[in-house]
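Okay, structure first, notes after.
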Amino acid sequence: MEQCTQLLMNQVMHLYIQRSMKLFRDLKVHPGAGGMLWALRKNNGMSQKEIAKKLGITPPSMTVMIKKLEGEGYIIKKQDEKDQRITHIFITEKGEEIAHHMESVLKMLEKEAFANMSEEEIMLLRRLLLQMKDNLSDKNR
């Protein structure tokens with residue numbers, strides 16, 4: 001009997017997350033930090049609100065993540081000169097370095113996950129996942 005798709009997807013995601021947690025634990029950084037650091041690498045100085053929107057994170061979760069990353073020296077906060085209500089977040093050199101290591105870990109994880117698959121199969125899987133994401137996004141609007 002074939003497994004239902006939901007169960008299979010849950011198993012794959014669970015294994016993927018477990019493996020990423022192990023690899024990031026070795027870096028001594030939480031995987032959630034990666035999204036913020038990568039966003040800042042592309043658009044350094046975004047406001048806290050812009051990052052939260054880009055990553056789909058709630059403001060309270062964003063505040064916790066910022067405090068943690070700031071405490072570890074990966075980011076710095078600066079008040080907007082014109083509007084003190086706005087805080088801009090900047091990645092530090094230390095943050096750039098850890099983001100680079102995180103990127104290497106994710107490439108390794110992707111290589112492990114896609115082992116024994118052809119380029120065509122990988123492209124098809126990505127296309128199908130994007131289509132599923134779009135389908136479900138449309139239903140959640």
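Every chain in the structure tokens has a letter given in the order shown (A, B, ...), and although residue numbers restart at 1 in each chain, ligands are simply numbered from 1 in the order shown.
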
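The list of residues with at least one atom within 10 Å of range 17-21 of chain A, based on only C-alpha atoms and without residues fewer than 4 positions apart in the same chain, reads Gln11, Val12, Met13, Arg25, Asp26, Leu27, Lys28, Val29, His30, Pro31, Gly32, Met102, Val105, Leu106, Met108, Leu109, Glu110, Glu112 and Ala113 of chain A.
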
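Summary of the local environment: counting only C-alpha atoms, residues at most 9 Å from Gly73 in chain A, other than itself and those fewer than 3 positions away along its chain, are Lys68, Leu69, Glu70, Ile76, Ile91, Thr92, Glu93, Lys94 and Gly95 of chain A.
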
What residues in range 11-133 of chain A get the DSSP label strand (DSSP E or B)? Please answer as a list in words. Ser47, Ile75, Ile76, Lys77, Lys78, Gln79, Thr87, His88, Ile89, Phe90 and Ile91 of chain A

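Taking CA of Ile86 in chain A and CA of Gly45 in chain A as the two end points, the separation is 11.0 Å.
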
For Pro59 in chain A, list every protein, DNA or RNA residue within 12 Å, evaluated using only C-alpha atoms, and leave out those in the same chain fewer than 5 positions away; present the list as an mmCIF file with N, CA, C and O atoms, in the first residue's frame.
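Here's the written file result-v2.cif:
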```cif
data_model
loop_
_atom_site.group_PDB
_atom_site.id
_atom_site.type_symbol
_atom_site.label_atom_id
_atom_site.label_comp_id
_atom_site.auth_asym_id
_atom_site.auth_seq_id
_atom_site.Cartn_x
_atom_site.Cartn_y
_atom_site.Cartn_z
ATOM 1 N N SER A 47 14.475 47.812 7.887
ATOM 2 C CA SER A 47 13.839 48.036 9.185
ATOM 3 C C SER A 47 13.401 46.694 9.753
ATOM 4 O O SER A 47 13.245 45.712 9.026
ATOM 5 N N GLN A 48 13.183 46.687 11.044
ATOM 6 C CA GLN A 48 12.722 45.483 11.724
ATOM 7 C C GLN A 48 11.412 45.004 11.100
ATOM 8 O O GLN A 48 11.215 43.816 10.861
ATOM 9 N N LYS A 49 10.542 45.945 10.782
ATOM 10 C CA LYS A 49 9.245 45.626 10.194
ATOM 11 C C LYS A 49 9.409 45.005 8.800
ATOM 12 O O LYS A 49 8.724 44.040 8.451
ATOM 13 N N GLU A 50 10.331 45.543 8.006
ATOM 14 C CA GLU A 50 10.572 45.015 6.652
ATOM 15 C C GLU A 50 11.094 43.583 6.701
ATOM 16 O O GLU A 50 10.662 42.728 5.920
ATOM 17 N N ILE A 51 12.007 43.322 7.630
ATOM 18 C CA ILE A 51 12.557 41.964 7.752
ATOM 19 C C ILE A 51 11.463 40.995 8.177
ATOM 20 O O ILE A 51 11.338 39.904 7.629
ATOM 21 N N ALA A 52 10.660 41.402 9.160
ATOM 22 C CA ALA A 52 9.574 40.538 9.650
ATOM 23 C C ALA A 52 8.624 40.178 8.511
ATOM 24 O O ALA A 52 8.221 39.025 8.356
ATOM 25 N N LYS A 53 8.282 41.165 7.695
ATOM 26 C CA LYS A 53 7.372 40.932 6.571
ATOM 27 C C LYS A 53 8.011 40.000 5.548
ATOM 28 O O LYS A 53 7.377 39.061 5.066
ATOM 29 N N LYS A 54 9.273 40.254 5.223
ATOM 30 C CA LYS A 54 9.983 39.452 4.232
ATOM 31 C C LYS A 54 10.084 37.984 4.666
ATOM 32 O O LYS A 54 9.956 37.079 3.858
ATOM 33 N N VAL A 64 12.676 38.846 19.559
ATOM 34 C CA VAL A 64 13.499 37.834 20.239
ATOM 35 C C VAL A 64 14.715 37.479 19.391
ATOM 36 O O VAL A 64 15.847 37.416 19.883
ATOM 37 N N MET A 65 14.498 37.267 18.091
ATOM 38 C CA MET A 65 15.592 36.901 17.197
ATOM 39 C C MET A 65 16.626 38.025 17.114
ATOM 40 O O MET A 65 17.830 37.769 17.146
ATOM 41 N N ILE A 66 16.166 39.252 17.029
ATOM 42 C CA ILE A 66 17.080 40.395 16.946
ATOM 43 C C ILE A 66 17.925 40.500 18.209
ATOM 44 O O ILE A 66 19.142 40.698 18.140
#
```

So which residues touch Ala99 in chain A within 7 Å, counting only C-alpha atoms, skipping near sequence neighbours fewer than 5 positions away, as a ChimeraX atom specification? /A:34,37-38

DSSP-assigned alpha helix (DSSP H) members of chain A, reported as number ranges by chain: A: 5-27, 31-42, 48-55, 59-71, 93-113, 119-139

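Here CA of Ile75 in chain A stands at a distance of 12.9 Å from CA of Gly35 in chain A.
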
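The residue set within 8 Å of Lys78 in chain A, counting only C-alpha atoms and dropping same-chain residues fewer than 6 places from it, reads Thr87, His88, Ile89 and Phe90 of chain A.
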
Name the closest residue to Phe24 in chain A among the candidates A:Asp134, A:Arg126, A:Glu103, A:Met117; distances are taken between atoms, counting only C-alpha atoms. A:Glu103
